[in-house]
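Next comes run-v3.txt, with compact mmCIF, C-alpha atoms.
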# COMPACT_ATOMS: atom_id res chain seq x y z
CA MET A 198 -128.56 -82.55 47.54
CA LYS A 199 -129.53 -79.87 50.01
CA LYS A 200 -126.66 -80.89 52.27
CA GLU A 201 -124.12 -80.55 49.45
CA PHE A 202 -125.58 -77.19 48.44
CA LEU A 203 -125.35 -75.86 51.99
CA SER A 204 -121.82 -77.12 52.52
CA GLY A 205 -120.81 -75.43 49.26
CA ILE A 206 -122.12 -72.16 50.66
CA ARG A 207 -120.56 -72.73 54.08
CA ASP A 208 -117.09 -73.55 52.72
CA THR A 209 -117.12 -70.35 50.66
CA ILE A 210 -117.99 -67.94 53.49
CA PRO A 211 -114.40 -66.84 54.24
CA LEU A 212 -113.97 -66.01 50.55
CA VAL A 213 -117.27 -64.12 50.53
CA ILE A 214 -115.93 -61.97 53.37
CA GLY A 215 -112.60 -61.55 51.62
CA ALA A 216 -114.21 -60.41 48.38
CA ALA A 217 -116.53 -57.92 50.06
CA PRO A 218 -114.08 -54.99 50.13
CA PHE A 219 -113.51 -55.44 46.40
CA GLY A 220 -117.18 -55.57 45.44
CA PHE A 221 -117.70 -52.53 47.57
CA LEU A 222 -114.78 -50.72 45.96
CA PHE A 223 -116.06 -51.65 42.53
CA GLY A 224 -119.45 -50.05 43.25
CA LEU A 225 -117.72 -46.96 44.54
CA LEU A 226 -115.37 -46.62 41.55
CA ALA A 227 -118.09 -47.35 39.00
CA ARG A 228 -120.17 -44.51 40.38
CA ALA A 229 -117.16 -42.20 40.49
CA THR A 230 -116.51 -43.02 36.82
CA GLY A 231 -120.03 -41.95 35.92
CA LEU A 232 -121.78 -45.30 35.44
CA ASP A 233 -125.38 -45.25 36.60
CA VAL A 234 -126.75 -47.75 39.06
CA VAL A 235 -128.25 -49.98 36.35
CA ALA A 236 -125.01 -50.28 34.39
CA THR A 237 -123.01 -50.89 37.55
CA ILE A 238 -125.25 -53.66 38.86
CA ALA A 239 -125.70 -55.08 35.35
CA MET A 240 -121.94 -55.48 35.05
CA SER A 241 -121.84 -57.40 38.33
CA ILE A 242 -124.83 -59.53 37.33
CA PHE A 243 -123.75 -60.44 33.79
CA VAL A 244 -119.98 -60.22 33.70
CA PHE A 245 -119.41 -61.23 37.31
CA ALA A 246 -115.62 -61.14 37.21
CA GLY A 247 -114.04 -58.80 39.75
CA ALA A 248 -110.69 -57.97 38.19
CA SER A 249 -112.10 -57.33 34.74
CA GLN A 250 -114.89 -55.18 36.15
CA PHE A 251 -112.24 -53.00 37.79
CA ALA A 252 -110.26 -52.86 34.57
CA ALA A 253 -113.37 -51.94 32.57
CA VAL A 254 -114.18 -49.07 34.89
CA LYS A 255 -110.60 -47.80 34.78
CA LEU A 256 -110.50 -48.08 30.98
CA LEU A 257 -113.86 -46.33 30.64
CA ALA A 258 -112.56 -43.51 32.80
CA ALA A 259 -109.53 -43.27 30.51
CA GLY A 260 -111.80 -43.13 27.45
CA ALA A 261 -110.64 -46.45 25.98
CA ALA A 262 -112.45 -47.92 22.96
CA TYR A 263 -114.97 -50.65 23.73
CA PRO A 264 -113.27 -53.41 21.71
CA LEU A 265 -110.12 -52.85 23.77
CA ILE A 266 -112.13 -53.20 26.98
CA VAL A 267 -113.67 -56.45 25.73
CA LEU A 268 -110.25 -57.79 24.72
CA THR A 269 -108.82 -56.85 28.12
CA THR A 270 -111.71 -58.61 29.80
CA PHE A 271 -110.96 -61.74 27.80
CA VAL A 272 -107.27 -61.73 28.68
CA ILE A 273 -108.00 -61.13 32.37
CA ASN A 274 -110.42 -64.03 32.48
CA LEU A 275 -108.35 -66.51 30.48
CA ARG A 276 -107.14 -68.11 33.70
CA HIS A 277 -110.69 -69.30 34.24
CA ALA A 278 -110.23 -71.52 31.18
CA LEU A 279 -107.51 -73.36 33.08
CA TYR A 280 -109.83 -73.72 36.05
CA ALA A 281 -112.62 -75.02 33.83
CA ALA A 282 -110.24 -77.47 32.13
CA SER A 283 -109.17 -78.90 35.47
CA LEU A 284 -112.79 -79.21 36.61
CA ALA A 285 -114.09 -80.71 33.37
CA GLU A 286 -113.59 -84.36 34.32
CA TYR A 287 -115.91 -83.95 37.29
CA LEU A 288 -118.83 -82.50 35.34
CA ARG A 289 -118.67 -84.73 32.28
CA ASP A 290 -121.78 -86.72 33.11
CA LEU A 291 -123.99 -83.70 33.80
CA PRO A 292 -126.49 -82.17 31.36
CA ARG A 293 -125.11 -79.28 29.34
CA ARG A 294 -127.34 -76.71 31.02
CA TRP A 295 -125.71 -77.56 34.37
CA ARG A 296 -122.23 -77.10 32.95
CA ALA A 297 -123.23 -73.78 31.40
CA LEU A 298 -124.79 -72.55 34.63
CA LEU A 299 -121.81 -73.58 36.75
CA ALA A 300 -119.31 -72.17 34.25
CA PHE A 301 -121.09 -68.81 34.12
CA GLN A 302 -120.43 -68.18 37.81
CA LEU A 303 -116.97 -69.74 38.05
CA THR A 304 -114.54 -67.53 39.98
CA ASP A 305 -111.12 -67.87 41.61
CA GLU A 306 -112.96 -68.31 44.87
CA SER A 307 -115.47 -70.97 43.91
CA TYR A 308 -112.77 -72.82 41.95
CA ALA A 309 -110.64 -72.99 45.07
CA VAL A 310 -113.26 -74.63 47.25
CA VAL A 311 -114.79 -76.80 44.51
CA ILE A 312 -111.58 -78.34 43.12
CA THR A 313 -110.41 -79.06 46.67
CA HIS A 314 -113.73 -80.69 47.48
CA TYR A 315 -113.80 -82.75 44.29
CA ARG A 316 -110.21 -83.94 44.49
CA ASP A 317 -110.71 -85.09 48.03
CA ALA A 318 -112.82 -88.04 46.96
CA ALA A 319 -113.48 -89.09 50.53
CA ARG A 320 -115.60 -86.01 51.05
CA GLY A 321 -118.92 -85.18 49.51
CA ASP A 322 -121.75 -86.90 47.82
CA ALA A 323 -120.74 -87.72 44.26
CA ALA A 324 -124.29 -88.07 42.97
CA HIS A 325 -125.10 -84.48 43.88
CA LYS A 326 -121.68 -82.90 43.43
CA GLN A 327 -123.04 -80.17 41.16
CA TRP A 328 -125.03 -78.81 44.11
CA TYR A 329 -121.86 -78.19 46.05
CA PHE A 330 -120.48 -76.23 43.08
CA LEU A 331 -123.72 -74.29 42.76
CA GLY A 332 -123.70 -73.45 46.47
CA ALA A 333 -120.15 -72.10 46.27
CA ASN A 334 -120.96 -70.13 43.12
CA LEU A 335 -124.18 -68.65 44.42
CA ALA A 336 -122.62 -67.60 47.71
CA MET A 337 -120.07 -65.53 45.79
CA TYR A 338 -122.60 -64.33 43.24
CA VAL A 339 -125.28 -63.07 45.62
CA ALA A 340 -122.71 -61.46 47.91
CA TRP A 341 -121.03 -59.73 44.97
CA GLN A 342 -124.31 -58.11 43.93
CA ILE A 343 -124.93 -56.88 47.47
CA ASP A 344 -121.35 -55.61 47.84
CA THR A 345 -121.60 -53.78 44.51
CA ALA A 346 -124.86 -52.08 45.49
CA LEU A 347 -123.55 -51.13 48.95
CA GLY A 348 -120.43 -49.68 47.40
CA PHE A 349 -122.43 -47.74 44.86
CA PHE A 350 -124.82 -46.19 47.39
CA PHE A 351 -122.70 -45.92 50.54
CA GLY A 352 -119.15 -46.04 49.19
CA ASN A 353 -118.36 -42.42 49.89
CA ALA A 354 -119.49 -42.69 53.48
CA LEU A 355 -117.36 -45.72 54.29
CA GLY A 356 -114.29 -45.37 52.08
CA ASP A 357 -111.85 -48.19 51.28
CA LEU A 358 -112.71 -51.23 53.38
CA ARG A 359 -109.35 -52.78 52.59
CA ALA A 360 -107.99 -50.62 55.41
CA LEU A 361 -109.74 -53.03 57.79
CA GLY A 362 -107.79 -55.94 56.36
CA LEU A 363 -110.94 -57.93 55.57
CA ASP A 364 -109.66 -58.73 52.09
CA PHE A 365 -106.88 -60.69 53.79
CA ALA A 366 -109.48 -63.32 54.78
CA ALA A 367 -109.50 -64.48 51.15
CA THR A 368 -105.69 -64.68 51.04
CA LEU A 369 -105.76 -66.76 54.23
CA MET A 370 -108.43 -69.03 52.79
CA PHE A 371 -106.26 -69.64 49.73
CA ILE A 372 -103.35 -70.38 52.08
CA ALA A 373 -105.51 -72.78 54.09
CA ILE A 374 -106.41 -74.56 50.86
CA LEU A 375 -102.94 -74.52 49.31
CA ALA A 376 -100.79 -75.69 52.22
CA PRO A 377 -102.30 -79.18 52.64
CA GLN A 378 -102.13 -79.74 48.86
CA ILE A 379 -98.35 -79.47 48.85
CA LYS A 380 -97.51 -83.11 49.35
CA SER A 381 -94.17 -83.44 47.60
CA ARG A 382 -91.02 -81.57 46.64
CA VAL A 383 -92.44 -81.19 43.15
CA ASP A 384 -95.64 -79.58 44.47
CA GLY A 385 -93.62 -77.17 46.60
CA PHE A 386 -91.42 -76.27 43.65
CA ALA A 387 -94.47 -75.60 41.43
CA ALA A 388 -95.96 -73.34 44.11
CA LEU A 389 -92.70 -71.43 44.62
CA VAL A 390 -92.23 -70.84 40.91
CA ALA A 391 -95.84 -69.70 40.47
CA GLY A 392 -95.56 -67.35 43.44
CA ALA A 393 -92.23 -65.91 42.30
CA VAL A 394 -93.47 -65.29 38.76
CA ALA A 395 -96.67 -63.71 40.11
CA LEU A 396 -94.54 -61.22 42.05
CA ALA A 397 -92.07 -60.58 39.24
CA ALA A 398 -94.82 -60.04 36.65
CA PHE A 399 -97.27 -58.23 38.92
CA ALA A 400 -96.88 -54.92 37.13
CA LEU A 401 -98.01 -56.34 33.77
CA PRO A 402 -101.50 -55.19 32.76
CA SER A 403 -104.64 -57.30 32.54
CA LYS A 404 -103.55 -59.88 35.09
CA ILE A 405 -101.20 -61.27 32.47
CA GLY A 406 -98.76 -61.78 35.32
CA LEU A 407 -101.22 -64.09 37.04
CA LEU A 408 -101.71 -66.11 33.87
CA LEU A 409 -97.94 -66.34 33.30
CA ALA A 410 -97.46 -67.38 36.91
CA ILE A 411 -99.99 -70.20 36.70
CA GLY A 412 -98.44 -71.36 33.43
CA ALA A 413 -94.93 -71.24 34.92
CA GLY A 414 -96.06 -73.16 38.01
CA ILE A 415 -97.63 -75.88 35.88
CA GLY A 416 -94.53 -76.05 33.67
CA ALA A 417 -92.22 -76.23 36.67
CA GLY A 418 -94.28 -79.01 38.24
CA VAL A 419 -94.45 -81.11 35.09
CA MET A 420 -90.75 -80.70 34.31
CA LEU A 421 -89.49 -81.50 37.80
CA GLU A 422 -91.85 -84.47 37.93
CA GLN A 423 -90.37 -85.78 34.67
CA ALA A 424 -86.83 -85.11 35.81
CA SER A 425 -87.26 -86.90 39.12
CA LYS A 426 -88.94 -89.82 37.40
CA ARG A 427 -85.96 -90.14 35.05
CA GLU A 428 -83.61 -89.88 38.01
CA ARG A 429 -85.44 -92.66 39.82
CA THR A 430 -85.35 -94.97 36.80
CA LYS A 431 -81.64 -94.32 36.44
CA ILE A 432 -80.97 -95.15 40.09
CA MET A 433 -83.02 -98.31 39.83
CA ARG A 434 -81.18 -99.35 36.70
CA THR A 435 -77.81 -98.73 38.31
CA ARG A 436 -78.93 -100.71 41.35
CA SER A 437 -80.09 -103.73 39.39
CA HIS A 438 -76.92 -103.56 37.37
CA ALA A 439 -74.87 -103.57 40.57
CA GLU A 440 -76.85 -106.54 41.92
CA ASN A 441 -76.24 -108.46 38.71
CA THR A 442 -72.50 -107.94 38.80
CA ASP A 443 -72.22 -108.81 42.52
CA MET B 277 -127.27 -48.31 24.54
CA GLU B 278 -123.64 -48.54 23.49
CA LEU B 279 -122.81 -49.40 27.06
CA ALA B 280 -125.19 -52.36 26.75
CA LEU B 281 -123.08 -53.55 23.80
CA LEU B 282 -119.96 -53.30 25.92
CA LEU B 283 -121.59 -55.30 28.69
CA PHE B 284 -122.72 -57.90 26.19
CA GLY B 285 -119.18 -58.21 24.80
CA MET B 286 -117.63 -58.51 28.25
CA THR B 287 -120.21 -61.09 29.27
CA ALA B 288 -119.65 -63.13 26.11
CA VAL B 289 -115.85 -63.34 26.35
CA THR B 290 -115.95 -64.05 30.07
CA PHE B 291 -118.46 -66.84 29.58
CA LEU B 292 -116.42 -68.21 26.69
CA ALA B 293 -113.29 -68.46 28.86
CA ARG B 294 -115.22 -70.15 31.63
CA TYR B 295 -117.37 -72.50 29.59
CA ALA B 296 -115.48 -73.56 26.43
CA PRO B 297 -113.04 -75.92 28.19
CA PHE B 298 -115.93 -77.87 29.69
CA GLU B 299 -117.32 -78.64 26.25
CA MET B 300 -113.91 -79.14 24.61
CA LEU B 301 -113.00 -81.76 27.20
CA GLN B 302 -116.46 -83.28 27.17
CA ARG B 303 -115.69 -86.20 24.89
CA GLY B 304 -113.28 -88.71 26.35
CA GLU B 305 -110.09 -88.36 28.33
CA PRO B 306 -107.60 -85.65 27.40
CA PRO B 307 -104.07 -86.78 26.42
CA ALA B 308 -101.95 -87.96 29.36
CA TRP B 309 -99.53 -85.02 29.26
CA PHE B 310 -102.47 -82.60 29.40
CA ALA B 311 -104.07 -84.36 32.35
CA ARG B 312 -100.71 -84.32 34.11
CA ALA B 313 -100.38 -80.58 33.56
CA LEU B 314 -103.91 -79.94 34.83
CA ARG B 315 -103.02 -81.57 38.12
CA TYR B 316 -100.81 -78.55 38.89
CA VAL B 317 -103.45 -75.92 38.11
CA PRO B 318 -104.76 -75.54 41.68
CA ILE B 319 -101.33 -75.35 43.33
CA ALA B 320 -100.00 -72.92 40.75
CA ALA B 321 -103.15 -70.78 40.79
CA PHE B 322 -103.41 -70.48 44.57
CA ALA B 323 -99.71 -69.71 44.95
CA ALA B 324 -100.00 -67.06 42.22
CA LEU B 325 -103.06 -65.53 43.89
CA ILE B 326 -101.49 -65.53 47.36
CA ALA B 327 -97.99 -64.19 46.66
CA PRO B 328 -98.92 -60.62 45.63
CA ASP B 329 -101.36 -60.32 48.55
CA LEU B 330 -98.48 -60.85 50.97
CA PHE B 331 -96.68 -57.76 49.70
CA ALA B 332 -99.66 -55.61 48.69
CA HIS B 333 -99.54 -52.03 49.75
CA GLY B 334 -102.70 -50.54 48.27
CA ASP B 335 -102.35 -51.18 44.55
CA VAL B 336 -98.58 -51.68 44.45
CA LEU B 337 -96.17 -54.28 45.83
CA VAL B 338 -93.60 -53.39 48.46
CA PHE B 339 -91.03 -56.12 49.08
CA ASP B 340 -90.79 -55.86 52.82
CA PHE B 341 -90.45 -59.22 54.55
CA ALA B 342 -91.25 -57.59 57.89
CA ASN B 343 -94.66 -56.34 56.75
CA PRO B 344 -97.69 -57.61 58.70
CA ARG B 345 -99.25 -59.40 55.73
CA PHE B 346 -96.14 -61.44 54.96
CA ILE B 347 -95.62 -62.42 58.59
CA ALA B 348 -99.31 -63.22 59.18
CA GLY B 349 -99.50 -65.16 55.90
CA SER B 350 -96.38 -67.18 56.73
CA ALA B 351 -97.70 -68.03 60.18
CA ALA B 352 -101.03 -69.03 58.62
CA PHE B 353 -99.22 -71.26 56.13
CA VAL B 354 -97.47 -73.15 58.93
CA VAL B 355 -100.76 -73.52 60.81
CA ALA B 356 -102.52 -74.75 57.67
CA ALA B 357 -99.79 -77.26 56.82
CA LEU B 358 -99.74 -78.70 60.34
CA SER B 359 -103.43 -78.56 61.29
CA ARG B 360 -105.23 -78.67 57.93
CA ARG B 361 -107.95 -76.61 59.56
CA VAL B 362 -109.37 -73.74 57.56
CA LEU B 363 -111.00 -71.68 60.30
CA LEU B 364 -108.01 -72.03 62.62
CA THR B 365 -105.76 -70.85 59.79
CA ILE B 366 -107.91 -67.82 59.08
CA GLY B 367 -108.26 -67.04 62.78
CA VAL B 368 -104.51 -67.13 63.39
CA GLY B 369 -103.81 -65.13 60.23
CA MET B 370 -106.35 -62.38 60.93
CA THR B 371 -105.31 -62.12 64.58
CA ALA B 372 -101.67 -61.84 63.57
CA LEU B 373 -102.48 -59.23 60.92
CA TRP B 374 -104.50 -57.07 63.29
CA ALA B 375 -102.00 -57.43 66.14
CA LEU B 376 -99.06 -56.55 63.88
CA SER B 377 -100.67 -53.61 62.11
CA ARG B 378 -101.69 -51.76 65.23

Written form, structure tokens:
Amino acid sequence: MKKEFLSGIRDTIPLVIGAAPFGFLFGLLARATGLDVVATIAMSIFVFAGASQFAAVKLLAAGAAYPLIVLTTFVINLRHALYAASLAEYLRDLPRRWRALLAFQLTDESYAVVITHYRDAARGDAAHKQWYFLGANLAMYVAWQIDTALGFFFGNALGDLRALGLDFAATLMFIAILAPQIKSRVDGFAALVAGAVALAAFALPSKIGLLLAIGAGIGAGVMLEQASKRERTKIMRTRSHAENTD
Amino acid sequence: MELALLLFGMTAVTFLARYAPFEMLQRGEPPAWFARALRYVPIAAFAALIAPDLFAHGDVLVFDFANPRFIAGSAAFVVAALSRRVLLTIGVGMTALWALSR
């Protein structure tokens, strides 16, 4: 239990580092927009979703109506529903309060390490798998609160930490996780399509581009998988036909 | 006060997106086509998260294949595919990024 929890934390460390410049920047921007320290930290504690926190601050600065901000938040975080759906089979036998707790802190980052850990059945201790998830979640959660507070109080002194390239640690972690998962032509095709759509649709608001890209990648994978299955059946049929006529 | 309402709304919709699928898929196996589609979620999601980072220039994308992030990311991808080692991948990628952006 404790071992799983600690390895969940440990596996998430590169992503914690990668997210730091963004938490910091969020604190800085929230203050610049006129949010007080309580509202800023409260947003990180309760909403805990980086991209939508940025969007909310930008929309507040632009004087947007609250329902629009809530709707935007929902659209930005819809991709988490896909993550949750793909994790559901692993948490089915847990009490509901565990699922609610783990879902509340689900992020791109914790999803990445947790789904990789769960799908690699050889690793981990199945009886305590929720502790791994909790470790990954809490590492991101606690760090995000600290980053937000640091950004709020010291943001002006330090400026944009992205200039240091620390945020790239998260990109590299995603690369380290993605590359070994590409095991077939179909996987590679799904990744290429998702990446291409993410670039093409990057300018769309509310991370809609990201959602479209994930959808396109899934669609591409499923379709090519079907097509190559059909192709294989056809070849096999032709072969057995040829053997019969020989 | 009104800000508290906004925070409540944002919290509620975010939690809904993260939690609802767990309960919806709680009873029994999902249909086969759905399970097949879910298998591609990680690959599609990571690729979609990575791609813009390789061309990021502040808040916009610049399609320059000679930029340090694209080169460092590509090198890291090769290292990751061959070695399957996370820390080595990050080490090579960060070193390449810092070396190339000086």

Task: Spatial neighbours of stretch 344-361 of chain B, 12 Å, all atoms listed in the file, chain gap at least 6 places, as a PyMOL selection string - done: (chain A and resi 208+362-380+385) or (chain B and resi 323+326-333+337-338+367-378)

Open item on the list: Ranking A:Pro264, A:Gly406, A:Pro292, A:Gly392 by minimum distance to chain B and counting only C-alpha atoms, which one comes first?
Closed with: A:Gly392

Open item on the list: Set the cut-off to 6 Å and count all atoms listed in the file: what are the residues of chain B that reach chain A? Output as number ranges by chain.
Closed with: B: 285-287, 289-291, 293-295, 297-298, 302, 313-314, 316, 319-324, 326-328, 353, 356-357, 362, 366

TODO: Find, counting all atoms listed in the file, the residue in A:Phe351, A:Phe202, A:Tyr315, A:Phe251 that gets nearest to A:Phe219.
DONE: A:Phe251

Open item on the list: Need the shell around stretch 322-335 of chain A: protein/DNA/RNA residues with any atom at most 6 Å away, counting only C-alpha atoms. Skip same-chain ones fewer than 6 positions apart. Format as a list of chain:residue names?
Closed with: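 Once the adjacent positions are removed, what remains is A:Met198, A:Glu201, A:Phe202, A:Gly205, A:Ile206, A:Thr209, A:Gln302, A:Ser307, A:Val311.
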
Could you rebuild stretch 313-333 of chain B with N, CA, C and O atoms and give me the result as a PDB file, in the coordinates of the input?
ATOM      1  N   ALA B 313    -100.547 -82.017  33.366  1.00  0.00           N
ATOM      2  CA  ALA B 313    -100.380 -80.580  33.560  1.00  0.00           C
ATOM      3  C   ALA B 313    -101.534 -79.994  34.371  1.00  0.00           C
ATOM      4  O   ALA B 313    -101.333 -79.155  35.247  1.00  0.00           O
ATOM      5  N   LEU B 314    -102.733 -80.475  34.115  1.00  0.00           N
ATOM      6  CA  LEU B 314    -103.910 -79.940  34.830  1.00  0.00           C
ATOM      7  C   LEU B 314    -103.833 -80.201  36.329  1.00  0.00           C
ATOM      8  O   LEU B 314    -104.409 -79.462  37.115  1.00  0.00           O
ATOM      9  N   ARG B 315    -103.124 -81.272  36.697  1.00  0.00           N
ATOM     10  CA  ARG B 315    -103.020 -81.570  38.120  1.00  0.00           C
ATOM     11  C   ARG B 315    -102.372 -80.418  38.883  1.00  0.00           C
ATOM     12  O   ARG B 315    -102.597 -80.249  40.076  1.00  0.00           O
ATOM     13  N   TYR B 316    -101.515 -79.633  38.204  1.00  0.00           N
ATOM     14  CA  TYR B 316    -100.810 -78.550  38.890  1.00  0.00           C
ATOM     15  C   TYR B 316    -101.559 -77.227  38.854  1.00  0.00           C
ATOM     16  O   TYR B 316    -101.086 -76.235  39.398  1.00  0.00           O
ATOM     17  N   VAL B 317    -102.715 -77.188  38.209  1.00  0.00           N
ATOM     18  CA  VAL B 317    -103.450 -75.920  38.110  1.00  0.00           C
ATOM     19  C   VAL B 317    -103.799 -75.345  39.490  1.00  0.00           C
ATOM     20  O   VAL B 317    -103.502 -74.179  39.758  1.00  0.00           O
ATOM     21  N   PRO B 318    -104.394 -76.142  40.394  1.00  0.00           N
ATOM     22  CA  PRO B 318    -104.760 -75.540  41.680  1.00  0.00           C
ATOM     23  C   PRO B 318    -103.551 -74.991  42.446  1.00  0.00           C
ATOM     24  O   PRO B 318    -103.563 -73.839  42.876  1.00  0.00           O
ATOM     25  N   ILE B 319    -102.503 -75.786  42.569  1.00  0.00           N
ATOM     26  CA  ILE B 319    -101.330 -75.350  43.330  1.00  0.00           C
ATOM     27  C   ILE B 319    -100.751 -74.077  42.728  1.00  0.00           C
ATOM     28  O   ILE B 319    -100.484 -73.105  43.433  1.00  0.00           O
ATOM     29  N   ALA B 320    -100.583 -74.080  41.406  1.00  0.00           N
ATOM     30  CA  ALA B 320    -100.000 -72.920  40.750  1.00  0.00           C
ATOM     31  C   ALA B 320    -100.913 -71.696  40.892  1.00  0.00           C
ATOM     32  O   ALA B 320    -100.456 -70.582  41.172  1.00  0.00           O
ATOM     33  N   ALA B 321    -102.214 -71.905  40.726  1.00  0.00           N
ATOM     34  CA  ALA B 321    -103.150 -70.780  40.790  1.00  0.00           C
ATOM     35  C   ALA B 321    -103.213 -70.177  42.188  1.00  0.00           C
ATOM     36  O   ALA B 321    -103.146 -68.955  42.344  1.00  0.00           O
ATOM     37  N   PHE B 322    -103.303 -71.032  43.213  1.00  0.00           N
ATOM     38  CA  PHE B 322    -103.410 -70.480  44.570  1.00  0.00           C
ATOM     39  C   PHE B 322    -102.128 -69.757  44.950  1.00  0.00           C
ATOM     40  O   PHE B 322    -102.175 -68.674  45.530  1.00  0.00           O
ATOM     41  N   ALA B 323    -100.977 -70.363  44.617  1.00  0.00           N
ATOM     42  CA  ALA B 323     -99.710 -69.710  44.950  1.00  0.00           C
ATOM     43  C   ALA B 323     -99.616 -68.355  44.239  1.00  0.00           C
ATOM     44  O   ALA B 323     -99.179 -67.364  44.826  1.00  0.00           O
ATOM     45  N   ALA B 324    -100.072 -68.304  42.984  1.00  0.00           N
ATOM     46  CA  ALA B 324    -100.000 -67.060  42.220  1.00  0.00           C
ATOM     47  C   ALA B 324    -100.983 -66.013  42.749  1.00  0.00           C
ATOM     48  O   ALA B 324    -100.738 -64.817  42.654  1.00  0.00           O
ATOM     49  N   LEU B 325    -102.091 -66.469  43.310  1.00  0.00           N
ATOM     50  CA  LEU B 325    -103.060 -65.530  43.890  1.00  0.00           C
ATOM     51  C   LEU B 325    -102.577 -65.018  45.245  1.00  0.00           C
ATOM     52  O   LEU B 325    -102.802 -63.861  45.610  1.00  0.00           O
ATOM     53  N   ILE B 326    -101.907 -65.886  45.999  1.00  0.00           N
ATOM     54  CA  ILE B 326    -101.490 -65.530  47.360  1.00  0.00           C
ATOM     55  C   ILE B 326    -100.302 -64.565  47.354  1.00  0.00           C
ATOM     56  O   ILE B 326    -100.316 -63.553  48.058  1.00  0.00           O
ATOM     57  N   ALA B 327     -99.281 -64.905  46.554  1.00  0.00           N
ATOM     58  CA  ALA B 327     -97.990 -64.190  46.660  1.00  0.00           C
ATOM     59  C   ALA B 327     -98.129 -62.661  46.622  1.00  0.00           C
ATOM     60  O   ALA B 327     -97.612 -61.986  47.514  1.00  0.00           O
ATOM     61  N   PRO B 328     -98.837 -62.089  45.640  1.00  0.00           N
ATOM     62  CA  PRO B 328     -98.920 -60.620  45.630  1.00  0.00           C
ATOM     63  C   PRO B 328     -99.655 -60.051  46.848  1.00  0.00           C
ATOM     64  O   PRO B 328     -99.335 -58.959  47.304  1.00  0.00           O
ATOM     65  N   ASP B 329    -100.614 -60.806  47.381  1.00  0.00           N
ATOM     66  CA  ASP B 329    -101.360 -60.320  48.550  1.00  0.00           C
ATOM     67  C   ASP B 329    -100.463 -60.153  49.777  1.00  0.00           C
ATOM     68  O   ASP B 329    -100.778 -59.391  50.683  1.00  0.00           O
ATOM     69  N   LEU B 330     -99.356 -60.906  49.805  1.00  0.00           N
ATOM     70  CA  LEU B 330     -98.480 -60.850  50.970  1.00  0.00           C
ATOM     71  C   LEU B 330     -97.602 -59.597  50.968  1.00  0.00           C
ATOM     72  O   LEU B 330     -97.012 -59.241  51.987  1.00  0.00           O
ATOM     73  N   PHE B 331     -97.522 -58.952  49.806  1.00  0.00           N
ATOM     74  CA  PHE B 331     -96.680 -57.760  49.700  1.00  0.00           C
ATOM     75  C   PHE B 331     -97.480 -56.541  49.235  1.00  0.00           C
ATOM     76  O   PHE B 331     -96.918 -55.516  48.885  1.00  0.00           O
ATOM     77  N   ALA B 332     -98.812 -56.692  49.218  1.00  0.00           N
ATOM     78  CA  ALA B 332     -99.660 -55.610  48.690  1.00  0.00           C
ATOM     79  C   ALA B 332     -99.627 -54.408  49.624  1.00  0.00           C
ATOM     80  O   ALA B 332     -99.716 -54.532  50.840  1.00  0.00           O
ATOM     81  N   HIS B 333     -99.478 -53.276  49.000  1.00  0.00           N
ATOM     82  CA  HIS B 333     -99.540 -52.030  49.750  1.00  0.00           C
ATOM     83  C   HIS B 333    -100.437 -51.118  48.909  1.00  0.00           C
ATOM     84  O   HIS B 333     -99.961 -50.444  48.006  1.00  0.00           O
TER      85      HIS B 333
END
